>>> print(open('structure.txt').read())   # compact mmCIF, C-alpha atoms
# COMPACT_ATOMS: atom_id res chain seq x y z
CA MET A 174 29.33 19.91 23.35
CA MET A 175 25.84 21.07 24.21
CA ARG A 176 22.78 18.96 23.54
CA ALA A 177 21.32 19.85 20.14
CA LYS A 178 18.16 21.92 20.11
CA ALA A 179 14.91 20.21 19.27
CA LEU A 180 14.48 19.90 15.53
CA PRO A 181 11.93 22.23 13.92
CA THR A 182 8.23 21.45 13.97
CA VAL A 183 5.39 22.97 12.02
CA VAL A 184 2.50 25.03 13.26
CA CYS A 185 -0.43 24.18 11.08
CA VAL A 186 -4.19 23.80 11.06
CA MET A 187 -5.15 20.21 10.53
CA ILE A 188 -7.91 17.75 11.20
CA ALA A 189 -6.42 14.60 12.71
CA VAL A 190 -8.83 11.68 12.54
CA LEU A 191 -7.48 8.78 14.56
CA LEU A 192 -9.82 5.83 14.12
CA ALA A 193 -7.61 2.78 14.64
CA LEU A 194 -7.68 2.15 18.38
CA PRO A 195 -6.10 -1.03 19.78
CA VAL A 196 -7.94 -4.06 18.45
CA ALA A 197 -7.96 -7.62 19.68
CA ALA A 198 -9.71 -9.56 16.95
CA GLU A 199 -10.03 -13.03 15.51
CA ASN A 200 -9.46 -13.74 11.81
CA ASN A 201 -13.10 -13.09 11.00
CA GLY A 202 -12.96 -10.42 8.32
CA THR A 203 -15.05 -11.00 5.24
CA ALA A 204 -13.74 -10.32 1.76
CA ILE A 205 -15.94 -8.30 -0.57
CA SER A 206 -15.18 -10.88 -3.25
CA PRO A 207 -12.32 -13.29 -3.92
CA ALA A 208 -9.20 -11.14 -3.85
CA GLY A 209 -6.86 -13.54 -5.56
CA ALA A 210 -5.02 -14.58 -2.40
CA THR A 211 -3.22 -17.86 -2.00
CA ALA A 212 -4.56 -20.46 0.41
CA SER A 213 -5.47 -19.29 3.90
CA PRO A 214 -2.54 -19.16 6.32
CA GLN A 215 -1.97 -22.32 8.32
CA LEU A 216 -2.12 -22.15 12.11
CA LYS A 217 1.15 -22.70 13.96
CA ALA A 218 2.14 -22.31 17.62
CA GLY A 219 1.25 -18.80 18.68
CA ARG A 220 -1.73 -16.60 19.28
CA ALA A 221 -4.01 -18.39 16.84
CA GLY A 222 -4.79 -15.33 14.81
CA VAL A 223 -5.53 -12.95 17.69
CA CYS A 224 -3.52 -9.72 17.46
CA MET A 225 -3.51 -6.39 19.23
CA ILE A 226 -3.08 -3.75 16.54
CA GLY A 227 -3.12 -0.02 17.09
CA ALA A 228 -1.78 2.70 19.35
CA GLY A 229 0.20 1.57 22.39
CA LEU A 230 3.70 1.11 23.77
CA ALA A 231 6.01 -0.99 21.64
CA SER A 232 9.55 -2.28 21.12
CA THR A 233 9.51 -1.17 17.47
CA LEU A 234 7.85 1.81 15.84
CA LEU A 235 7.01 1.76 12.13
CA TYR A 236 6.60 5.03 10.27
CA PRO A 237 5.12 3.38 7.18
CA TYR A 238 5.89 6.12 4.66
CA PHE A 239 7.80 9.36 4.32
CA GLU A 240 8.28 11.83 1.51
CA VAL A 241 10.67 14.78 1.28
CA ASP A 242 10.92 17.19 -1.66
CA LEU A 243 14.68 17.56 -2.03
CA ALA A 244 14.37 20.35 -4.63
CA ASP A 245 11.98 22.65 -2.77
CA PRO A 246 12.47 23.57 0.92
CA ASN A 247 8.78 24.54 1.00
CA GLY A 248 7.72 21.30 -0.62
CA VAL A 249 6.52 18.16 1.09
CA THR A 250 8.30 16.84 4.14
CA THR A 251 7.56 14.38 6.93
CA LEU A 252 7.77 15.00 10.66
CA ILE A 253 8.04 12.15 13.14
CA SER A 254 8.52 11.80 16.85
CA VAL A 255 9.78 8.95 19.01
CA ASN A 256 8.73 9.08 22.63
CA ASN A 257 9.44 7.12 25.80
CA GLY A 258 6.22 6.07 27.51
CA LEU A 259 7.92 5.00 30.74
CA ASN A 260 10.04 6.77 33.34
CA VAL A 261 13.01 4.54 32.54
CA PRO A 262 15.72 5.61 30.04
CA VAL A 263 16.01 3.61 26.83
CA MET A 264 18.41 3.36 23.88
CA THR A 265 16.89 3.09 20.40
CA ARG A 266 18.14 2.65 16.85
CA LEU A 267 16.54 4.43 13.91
CA VAL A 268 16.83 2.88 10.44
CA VAL A 269 15.88 4.61 7.18
CA TRP A 270 14.65 2.28 4.39
CA THR A 271 13.87 2.90 0.70
CA ASP A 272 10.58 2.01 -0.96
CA TRP A 273 12.28 -1.22 -2.02
CA GLY A 274 12.90 -2.08 1.63
CA ILE A 275 16.68 -1.49 1.55
CA PRO A 276 18.30 0.15 4.62
CA THR A 277 20.36 3.25 3.80
CA MET A 278 21.07 5.01 7.10
CA ALA A 279 21.03 4.14 10.80
CA PHE A 280 21.84 5.92 14.06
CA ASP A 281 21.08 5.72 17.78
CA ILE A 282 18.72 7.88 19.84
CA TRP A 283 18.92 8.03 23.63
CA LEU A 284 15.60 8.72 25.36
CA ASP A 285 15.39 9.68 29.01
CA GLY A 286 12.29 8.76 30.98
CA PHE A 287 9.16 10.25 29.35
CA ASP A 288 11.40 11.88 26.74
CA VAL A 289 10.10 13.22 23.40
CA GLN A 290 12.35 13.47 20.33
CA PRO A 291 10.96 15.18 17.22
CA ILE A 292 12.65 14.69 13.84
CA ASN A 293 12.13 16.48 10.55
CA VAL A 294 13.00 13.83 7.97
CA ARG A 295 14.18 16.58 5.61
CA LEU A 296 17.09 17.21 7.97
CA LEU A 297 18.20 13.57 7.75
CA PHE A 298 18.77 14.13 4.03
CA GLN A 299 21.07 17.00 4.98
CA GLY A 300 23.04 14.72 7.30
CA ILE A 301 21.61 16.39 10.41
CA VAL A 302 20.50 14.02 13.16
CA PRO A 303 19.42 14.59 16.77
CA SER A 304 22.27 14.51 19.30
CA THR A 305 20.70 13.08 22.43
CA ALA A 306 23.26 11.87 24.96
CA THR A 307 25.74 14.67 25.60
CA GLY A 308 26.77 14.52 29.24
CA VAL A 309 24.78 11.34 29.90
CA ASP A 310 26.38 8.39 31.71
CA LEU A 311 25.93 5.48 29.31
CA SER A 312 28.46 3.16 30.94
CA ALA A 313 25.81 0.44 31.29
CA PHE A 314 25.53 0.18 27.50
CA PRO A 315 28.30 -1.57 25.52
CA PHE A 316 30.25 0.56 23.00
CA CYS A 317 28.66 3.81 24.12
CA ASP A 318 31.98 5.04 25.50
CA SER A 319 33.38 5.13 21.95
CA SER A 320 30.20 5.65 19.91
CA PRO A 321 27.65 7.60 21.97
CA PRO A 322 24.62 9.17 20.27
CA SER A 323 26.19 12.61 20.63
CA TYR A 324 26.72 13.68 17.05
CA THR A 325 28.40 16.72 15.49
CA ASN A 326 26.23 17.87 12.61
CA PRO A 327 26.26 17.33 9.76
CA ALA A 328 26.96 13.80 10.94
CA LEU A 329 27.25 12.43 7.39
CA THR A 330 29.88 13.24 4.80
CA ASN A 331 28.94 15.10 1.61
CA VAL A 332 29.37 11.87 -0.34
CA GLU A 333 27.02 10.02 2.04
CA ILE A 334 24.45 12.83 1.81
CA GLN A 335 24.50 12.72 -1.99
CA HIS A 336 24.24 8.94 -1.94
CA LEU A 337 21.25 9.06 0.43
CA ALA A 338 19.44 11.37 -2.00
CA THR A 339 20.08 9.17 -5.04
CA ALA A 340 19.12 5.99 -3.17
CA HIS A 341 15.72 7.39 -2.17
CA THR A 342 14.86 8.97 -5.54
CA GLY A 343 15.50 5.87 -7.65
CA GLN A 344 18.67 7.21 -9.26
CA PRO A 345 21.97 5.32 -9.61
CA GLY A 346 23.69 5.44 -6.25
CA HIS A 347 26.26 8.21 -5.91
CA ILE A 348 28.72 5.75 -4.34
CA ASP A 349 28.13 2.49 -6.22
CA ASP A 350 25.96 3.32 -9.28
CA LEU A 351 23.35 0.77 -8.13
CA CYS A 352 19.65 1.34 -7.48
CA TYR A 353 18.00 1.15 -4.05
CA GLY A 354 14.45 2.26 -4.81
CA ALA A 355 11.89 3.15 -7.45
CA ASP A 356 12.32 6.07 -9.84
CA HIS A 357 9.13 8.17 -9.67
CA GLY A 358 10.38 10.77 -12.11
CA ASP A 359 10.67 13.56 -9.55
CA ASN A 360 13.07 14.69 -6.85
CA ILE A 361 11.02 13.48 -3.90
CA ALA A 362 12.78 11.09 -1.53
CA ARG A 363 10.51 8.26 -0.40
CA GLY A 364 10.76 5.37 2.00
CA TYR A 365 9.87 4.34 5.54
CA ILE A 366 11.49 4.38 8.99
CA THR A 367 11.73 1.92 11.87
CA ILE A 368 12.93 2.54 15.41
CA ASP A 369 13.82 -0.38 17.71
CA THR A 370 14.73 -0.54 21.38
CA VAL A 371 18.34 -1.77 21.67
CA ASP A 372 20.89 -2.53 24.38
CA GLN A 373 24.09 -1.04 22.92
CA CYS A 374 25.45 1.84 20.87
CA SER A 375 26.24 1.22 17.20
CA ASP A 376 27.21 4.72 15.96
CA ILE A 377 25.84 6.44 12.86
CA GLU A 378 26.04 4.73 9.47
CA GLY A 379 25.31 6.68 6.31
CA HIS A 380 25.89 4.09 3.60
CA ASP A 381 25.22 0.34 3.60
CA PRO A 382 24.49 0.31 7.37
CA PHE A 383 25.57 -2.85 9.17
CA TYR A 384 23.62 -2.64 12.42
CA THR A 385 20.05 -3.00 11.12
CA PRO A 386 17.31 -5.66 11.24
CA ALA A 387 18.28 -6.68 7.69
CA ASN A 388 21.69 -7.97 8.78
CA THR A 389 21.63 -11.57 9.97
CA SER A 390 25.42 -12.02 9.97
CA TYR A 391 25.61 -9.99 13.18
CA PRO A 392 22.94 -10.74 15.80
CA TYR A 393 20.74 -7.66 15.64
CA PHE A 394 18.11 -10.20 16.59
CA ALA A 395 19.09 -13.56 18.04
CA GLU A 396 16.85 -16.58 18.31
CA GLY A 397 16.16 -17.76 21.84
CA GLY A 398 16.05 -14.41 23.61
CA ALA A 399 16.64 -10.75 22.95
CA ALA A 400 19.57 -10.67 25.41
CA SER A 401 21.76 -12.35 22.79
CA GLY A 402 21.05 -9.70 20.15
CA ILE A 403 21.19 -5.92 19.89
CA ALA A 404 17.41 -5.38 19.75
CA THR A 405 15.45 -5.86 22.96
CA VAL A 406 11.97 -6.73 24.10
CA ASN A 407 11.15 -3.44 25.81
CA ASN A 408 7.66 -2.16 25.09
CA THR A 409 8.14 1.49 25.96
CA LEU A 410 8.00 3.47 22.69
CA TRP A 411 5.21 5.49 21.11
CA GLY A 412 5.31 8.08 18.37
CA ASP A 413 3.55 9.91 15.57
CA VAL A 414 4.01 10.93 11.94
CA ILE A 415 2.84 14.08 10.14
CA TYR A 416 2.95 14.63 6.38
CA VAL A 417 3.37 18.35 5.63
CA ASP A 418 2.92 20.17 2.31
CA PHE A 419 3.67 23.87 2.80
CA ASN A 420 2.93 24.81 -0.79
CA ASN A 421 -0.60 23.46 -0.60
CA ASP A 422 -1.30 24.40 3.04
CA SER A 423 -1.90 20.79 3.92
CA ALA A 424 -0.88 18.42 6.70
CA GLN A 425 -2.11 15.03 7.85
CA GLY A 426 -1.03 12.95 10.81
CA SER A 427 -1.42 9.64 12.58
CA GLU A 428 0.20 7.65 15.33
CA ALA A 429 3.25 5.58 14.47
CA VAL A 430 2.53 1.87 14.12
CA ALA A 431 3.24 0.19 17.45
CA ILE A 432 4.99 -3.16 16.89
CA TRP A 433 4.94 -4.73 20.32
CA ALA A 434 7.24 -7.60 21.25
CA ASP A 435 6.70 -10.71 23.37
CA ASP A 436 9.56 -13.12 24.04
CA ALA A 437 7.09 -15.89 24.91
CA GLU A 438 4.51 -15.35 22.18
CA PHE A 439 6.60 -14.94 19.03
CA THR A 440 9.70 -17.10 19.46
CA ALA A 441 8.48 -20.18 17.59
CA SER A 442 10.02 -20.85 14.20
CA ASP A 443 8.03 -20.75 10.99
CA ILE A 444 5.47 -18.19 12.15
CA TYR A 445 4.92 -14.64 10.96
CA THR A 446 6.77 -11.91 12.85
CA PHE A 447 7.25 -8.31 11.77
CA TYR A 448 10.92 -8.66 10.76
CA GLY A 449 10.62 -12.38 9.98
CA ARG A 450 11.54 -12.09 6.29
CA HIS A 451 15.10 -11.14 7.22
CA SER A 452 15.73 -14.31 9.25
CA ALA A 453 13.69 -17.01 7.47
CA TYR A 454 10.86 -16.53 9.99
CA ASP A 455 12.81 -18.06 12.87
CA GLY A 456 11.01 -15.96 15.50
CA SER A 457 14.18 -14.20 16.61
CA ASP A 458 12.75 -10.69 16.36
CA GLU A 459 9.85 -11.61 18.67
CA ARG A 460 7.61 -8.88 17.23
CA VAL A 461 3.93 -8.99 16.33
CA PRO A 462 3.20 -9.25 12.59
CA LEU A 463 0.99 -6.82 10.72
CA PRO A 464 -2.42 -7.79 9.27
CA TYR A 465 -2.80 -8.80 5.64
CA ARG A 466 -6.32 -7.55 4.80
CA TRP A 467 -7.64 -4.02 5.30
CA ASP A 468 -10.89 -2.10 4.85
CA GLN A 469 -11.19 1.69 4.71
CA ARG A 470 -13.57 4.39 3.51
CA PHE A 471 -12.65 6.80 0.76
CA LEU A 472 -14.04 10.25 -0.01
CA ASN A 473 -12.71 11.46 -3.32
CA GLY A 474 -14.84 14.55 -3.72
CA GLY A 475 -17.38 16.73 -1.91
CA PRO A 476 -15.64 18.51 0.98
CA PHE A 477 -12.46 16.59 0.15
CA ALA A 478 -12.18 17.88 -3.40
CA GLY A 479 -8.40 17.74 -3.12
CA GLY A 480 -8.65 13.98 -3.44
CA ALA A 481 -7.98 10.88 -1.39
CA ASP A 482 -4.74 8.89 -1.26
CA LEU A 483 -3.80 5.57 0.26
CA ILE A 484 -0.47 4.99 1.98
CA VAL A 485 0.21 1.27 1.69
CA PHE A 486 3.15 -0.44 3.38
CA GLN A 487 3.84 -4.14 2.93
CA GLN A 488 6.56 -6.63 3.82
CA PRO A 489 7.69 -8.92 0.99
CA HIS A 490 8.60 -12.48 1.87
CA HIS A 491 11.83 -12.10 -0.08
CA SER A 492 14.81 -11.62 2.27
CA GLY A 493 17.04 -9.69 -0.13
CA THR A 494 17.87 -6.10 0.81
CA SER A 495 20.85 -5.42 -1.46
CA PRO A 496 20.91 -2.74 -4.19
CA ILE A 497 20.74 -3.99 -7.77
CA SER A 498 21.49 -2.88 -11.30
CA CYS A 499 19.22 -0.04 -12.34
CA VAL A 500 17.93 -2.05 -15.32
CA ASP A 501 16.48 -4.70 -12.96
CA HIS A 502 13.75 -4.97 -10.34
CA PRO A 503 13.90 -6.67 -6.92
CA GLY A 504 13.09 -10.37 -6.89
CA TRP A 505 9.72 -9.77 -5.20
CA TRP A 506 8.60 -7.00 -7.59
CA PRO A 507 5.79 -6.25 -8.13
CA MET A 508 3.99 -6.84 -4.85
CA GLU A 509 0.51 -8.11 -5.68
CA THR A 510 -2.69 -7.18 -3.91
CA GLY A 511 -6.36 -7.96 -4.29
CA VAL A 512 -8.25 -4.67 -4.57
CA ASN A 513 -12.02 -4.34 -4.48
CA THR A 514 -14.33 -1.37 -3.92
CA LEU A 515 -17.94 -1.03 -2.86
CA ASP A 516 -20.10 2.07 -3.08
CA GLU A 517 -21.87 3.53 -0.05
CA ALA A 518 -25.12 1.79 -0.95
CA ALA A 519 -23.35 -1.57 -0.51
CA GLY A 520 -23.55 -2.34 -4.19
CA ASN A 521 -21.57 -1.91 -7.38
CA ILE A 522 -18.59 -4.07 -6.47
CA GLU A 523 -15.55 -3.34 -8.63
CA THR A 524 -12.31 -5.31 -8.84
CA PHE A 525 -9.00 -3.84 -9.98
CA ALA A 526 -5.55 -4.83 -11.19
CA THR A 527 -3.26 -6.64 -8.77
CA ASP A 528 -0.24 -4.38 -9.34
CA LEU A 529 -1.64 -1.07 -8.06
CA PHE A 530 0.64 -1.19 -4.99
CA PRO A 531 3.85 -2.75 -6.35
CA LEU A 532 6.36 -1.34 -3.83
CA VAL A 533 7.16 -1.93 -0.18
CA THR A 534 5.74 1.51 0.57
CA GLN A 535 3.85 4.00 -1.60
CA ARG A 536 1.25 6.77 -1.64
CA VAL A 537 -1.35 6.14 -4.36
CA PRO A 538 -4.35 8.38 -5.24
CA ILE A 539 -7.77 6.73 -5.22
CA SER A 540 -8.21 8.22 -8.69
CA THR A 541 -5.34 5.97 -9.84
CA VAL A 542 -7.17 2.95 -8.47
CA GLY A 543 -10.12 4.09 -10.58
CA PRO A 544 -13.48 3.30 -8.94
CA SER A 545 -16.43 4.70 -10.89
CA TYR A 546 -17.82 6.41 -7.75
CA ASP A 547 -16.30 9.03 -5.45
CA PHE A 548 -17.56 7.69 -2.12
CA GLY A 549 -17.35 4.15 -0.82
CA TRP A 550 -14.95 1.72 0.78
CA ILE A 551 -12.00 -0.21 -0.49
CA GLN A 552 -10.60 -3.55 0.58
CA ILE A 553 -6.91 -4.37 0.05
CA GLN A 554 -5.46 -7.81 0.65
CA GLY A 555 -1.97 -9.16 0.25
CA ASN A 556 -2.22 -11.79 -2.46
CA THR A 557 0.76 -13.69 -1.05
CA LEU A 558 -0.43 -13.04 2.51
CA GLN A 559 2.18 -10.34 2.97
CA GLN A 560 2.00 -8.12 6.04
CA MET A 561 0.40 -4.73 5.31
CA TRP A 562 -0.44 -1.38 6.89
CA VAL A 563 -2.83 1.11 5.29
CA GLN A 564 -3.36 4.83 5.99
CA PRO A 565 -5.98 6.86 4.07
CA ILE A 566 -5.17 10.53 3.45
CA LEU A 567 -7.88 13.09 2.56
CA THR A 568 -7.27 16.66 1.35
CA ALA A 569 -9.50 19.65 0.61
CA GLY A 570 -7.55 22.01 -1.59
CA GLY A 571 -5.58 23.80 1.11
CA ARG A 572 -8.57 24.30 3.43
CA PHE A 573 -8.29 21.21 5.64
CA SER A 574 -7.10 17.63 5.49
CA ALA A 575 -7.23 14.39 7.44
CA GLY A 576 -5.11 11.32 7.98
CA TYR A 577 -5.91 8.15 9.90
CA ASN A 578 -5.19 4.44 9.99
CA GLY A 579 -7.32 1.98 8.06
CA PHE A 580 -9.26 -0.88 9.63
CA PRO A 581 -7.52 -4.27 9.79
CA VAL A 582 -9.74 -7.33 9.33
CA GLU A 583 -7.42 -10.31 8.78
CA PHE A 584 -4.42 -11.05 10.98
CA LEU A 585 -1.35 -13.30 10.82
CA CYS A 586 -0.40 -14.00 14.42
CA GLY A 587 0.44 -17.66 14.93
CA MET A 588 0.26 -18.33 11.21
CA ALA A 589 2.85 -19.98 8.97
CA PRO A 590 4.25 -17.91 6.09
CA PRO A 591 4.32 -19.30 2.56
CA THR A 592 7.01 -21.88 1.88
CA ASN A 593 7.96 -20.45 -1.51
>>> encode(input="structure.txt", output="structure tokens")
Amino acid sequence: MMRAKALPTVVCVMIAVLLALPVAAENNGTAISPAGATASPQLKAGRAGVCMIGAGLASTLLYPYFEVDLADPNGVTTLISVNNGLNVPVMTRLVVWTDWGIPTMAFDIWLDGFDVQPINVRLLFQGIVPSTATGVDLSAFPFCDSSPPSYTNPALTNVEIQHLATAHTGQPGHIDDLCYGADHGDNIARGYITIDTVDQCSDIEGHDPFYTPANTSYPYFAEGGAASGIATVNNTLWGDVIYVDFNNDSAQGSEAVAIWADDAEFTASDIYTFYGRHSAYDGSDERVPLPYRWDQRFLNGGPFAGGADLIVFQQPHHSGTSPISCVDHPGWWPMETGVNTLDEAAGNIETFATDLFPLVTQRVPISTVGPSYDFGWIQIQGNTLQQMWVQPILTAGGRFSAGYNGFPVEFLCGMAPPTN
């Protein structure tokens, strides 16, 4: 079998505004006004609130949002890449999650030194995944002799492909008639993606994947050192994400969120870590947590007459990741945030409802938030001190567009999560 060709990319004209460079900052952000948060996080063993957030090499990459129009091949899609920043080969595991934070698909990607692997997320919903290890000696990695990342496409069955579509569009699951995500009333698949460095092969899983960070019955992460789990501390990955809308001649991009790992810094129990909700915050994933308060400008008019959106990703404290009856909501729903805006003259503070960003990941127009002015800045804070990532998106009616990361101002490193 020959190595699969690189997946398609898009040639487009786009303005990429990348503002969020690596930051090392204390918890010194100032709220516009009380945002309805619970008590300030309590300091535990760890970095005492100092975090490096931004572009860099990492053990986990977060692509905080994707959208794919399943009905229109020229509709919206999302392009990502995962890249090896070092000249040492690495095995990785990609996991697809719904906007309720439920894993639906997982497979391995082998990266040679300085390798680049592009992925059109649309193809994943057709069961087509990159085949990356044909002819590669993977004898040093357990289980790769029987389950190498050398896939024959489509790598999913028709039933699994149909189930993936229903799970990510909020419809009753094709396999189990349960719901995995929110129903937005359209045929656009939504969710987010993570990619972790790992030390073994785990094959491709197209329904109810077992080998993911959400599974604590098998040591994907293991407390006391990454060597006892599948995931590793191996800060070598970098990547990017591009949101493409062919019909409206629009594309925006940003770097993937670099979740770096430190097996000395984040092993204490009862502190925030990125995947901590899945293991009762025992420190076993050893990955830096995201901030919980963000500031960002918005331009909802003028040259950006197409409008401004906010991509907001957040981690609930609730550990549950199982599908539920379609008449119910997840136990954490809705996620609550404090939302305030300020105009460009530093006046006219406005405060908004706490349920504007109810999901684990979403893309919400500024017009839905509803400030009375078109230009200003917005502050978003997790009301239960949940981890968050924010990306503003600006469009100009098919002429140009921009995407960039927001500005984090309050961090959670070394802090204790809520006890309830």
>>> closest_residue(input="structure.txt", among="A:Thr342, A:Asn578, A:Ser323, A:Gln425", to="A:Ser375", atoms="all atoms listed in the file")
A:Ser323
>>> closest_atom_pairs(input="structure.txt", of="stretch 429-452 of chain A", to="stretch 471-491 of chain A", cutoff="10 Å", atoms="only C-alpha atoms", output="Markdown table")
| residue | atom | partner | partner_atom | distance |
| --- | --- | --- | --- | --- |
| A:Phe447 | CA | A:Gln488 | CA | 8.2 |
| A:Tyr448 | CA | A:Gln488 | CA | 8.4 |
| A:Gly449 | CA | A:His490 | CA | 8.4 |
| A:Arg450 | CA | A:His490 | CA | 5.3 |
| A:His451 | CA | A:His491 | CA | 8.1 |
>>> write_last_selection(input="structure.txt", atoms="C-alpha atoms", output="tab-separated table (two decimals), in the coordinates of the input")
chain	number	residue	atom	x	y	z
A	447	PHE	CA	7.25	-8.31	11.77
A	448	TYR	CA	10.92	-8.66	10.76
A	449	GLY	CA	10.62	-12.38	9.98
A	450	ARG	CA	11.54	-12.09	6.29
A	451	HIS	CA	15.10	-11.14	7.22
>>> closest_residue(input="structure.txt", among="A:Ala434, A:Leu235, A:Val512, A:Val406", to="A:Trp550", atoms="all atoms listed in the file")
A:Val512
>>> closest_residue(input="structure.txt", among="A:Cys499, A:Ile522, A:Ala575, A:Met264", to="A:Asp349", atoms="only C-alpha atoms")
A:Cys499
>>> residues_near_point(input="structure.txt", point="(14.7, 17.8, -4.2)", cutoff="10 Å", atoms="all atoms listed in the file", output="number ranges by chain")
A: 241-246, 248-249, 295, 298, 338, 342, 359-362
>>> closest_residue(input="structure.txt", among="A:Arg363, A:Arg460, A:His336, A:His341", to="A:Ser232", atoms="only C-alpha atoms")
A:Arg460
>>> closest_atom_pairs(input="structure.txt", of="stretch 477-585 of chain A", to="stretch 268-290 of chain A", cutoff="8 Å", atoms="only C-alpha atoms", output="JSON lines")
{"residue": "A:Thr494", "atom": "CA", "partner": "A:Ile275", "partner_atom": "CA", "distance": 4.8}
{"residue": "A:Ser495", "atom": "CA", "partner": "A:Ile275", "partner_atom": "CA", "distance": 6.5}
{"residue": "A:Pro496", "atom": "CA", "partner": "A:Ile275", "partner_atom": "CA", "distance": 7.2}
{"residue": "A:Pro503", "atom": "CA", "partner": "A:Trp273", "partner_atom": "CA", "distance": 7.5}
{"residue": "A:Leu532", "atom": "CA", "partner": "A:Asp272", "partner_atom": "CA", "distance": 6.1}
{"residue": "A:Val533", "atom": "CA", "partner": "A:Asp272", "partner_atom": "CA", "distance": 5.3}
{"residue": "A:Thr534", "atom": "CA", "partner": "A:Asp272", "partner_atom": "CA", "distance": 5.1}
{"residue": "A:Gln535", "atom": "CA", "partner": "A:Asp272", "partner_atom": "CA", "distance": 7.0}
>>> write_last_selection(input="structure.txt", atoms="C-alpha atoms", output="PDB file, in the frame of the given file")
ATOM      1  CA  THR A 494      17.870  -6.100   0.810  1.00  0.00           C
ATOM      2  CA  SER A 495      20.850  -5.420  -1.460  1.00  0.00           C
ATOM      3  CA  PRO A 496      20.910  -2.740  -4.190  1.00  0.00           C
ATOM      4  CA  PRO A 503      13.900  -6.670  -6.920  1.00  0.00           C
ATOM      5  CA  LEU A 532       6.360  -1.340  -3.830  1.00  0.00           C
ATOM      6  CA  VAL A 533       7.160  -1.930  -0.180  1.00  0.00           C
ATOM      7  CA  THR A 534       5.740   1.510   0.570  1.00  0.00           C
ATOM      8  CA  GLN A 535       3.850   4.000  -1.600  1.00  0.00           C
TER       9      GLN A 535
END
>>> residues_around(input="structure.txt", residues="A:Arg572", least_positions_apart="2", cutoff="8 Å", atoms="all atoms listed in the file", output="PyMOL selection string")
chain A and resi 422-423+569-570+574
>>> closest_residue(input="structure.txt", among="A:Thr367, A:Val417, A:Ala340, A:Gln469", to="A:Gly379", atoms="all atoms listed in the file")
A:Ala340
>>> atom_distance(input="structure.txt", atom1="atom CA of A:Ser452", atom2="atom CA of A:Phe314")
25.3 Å
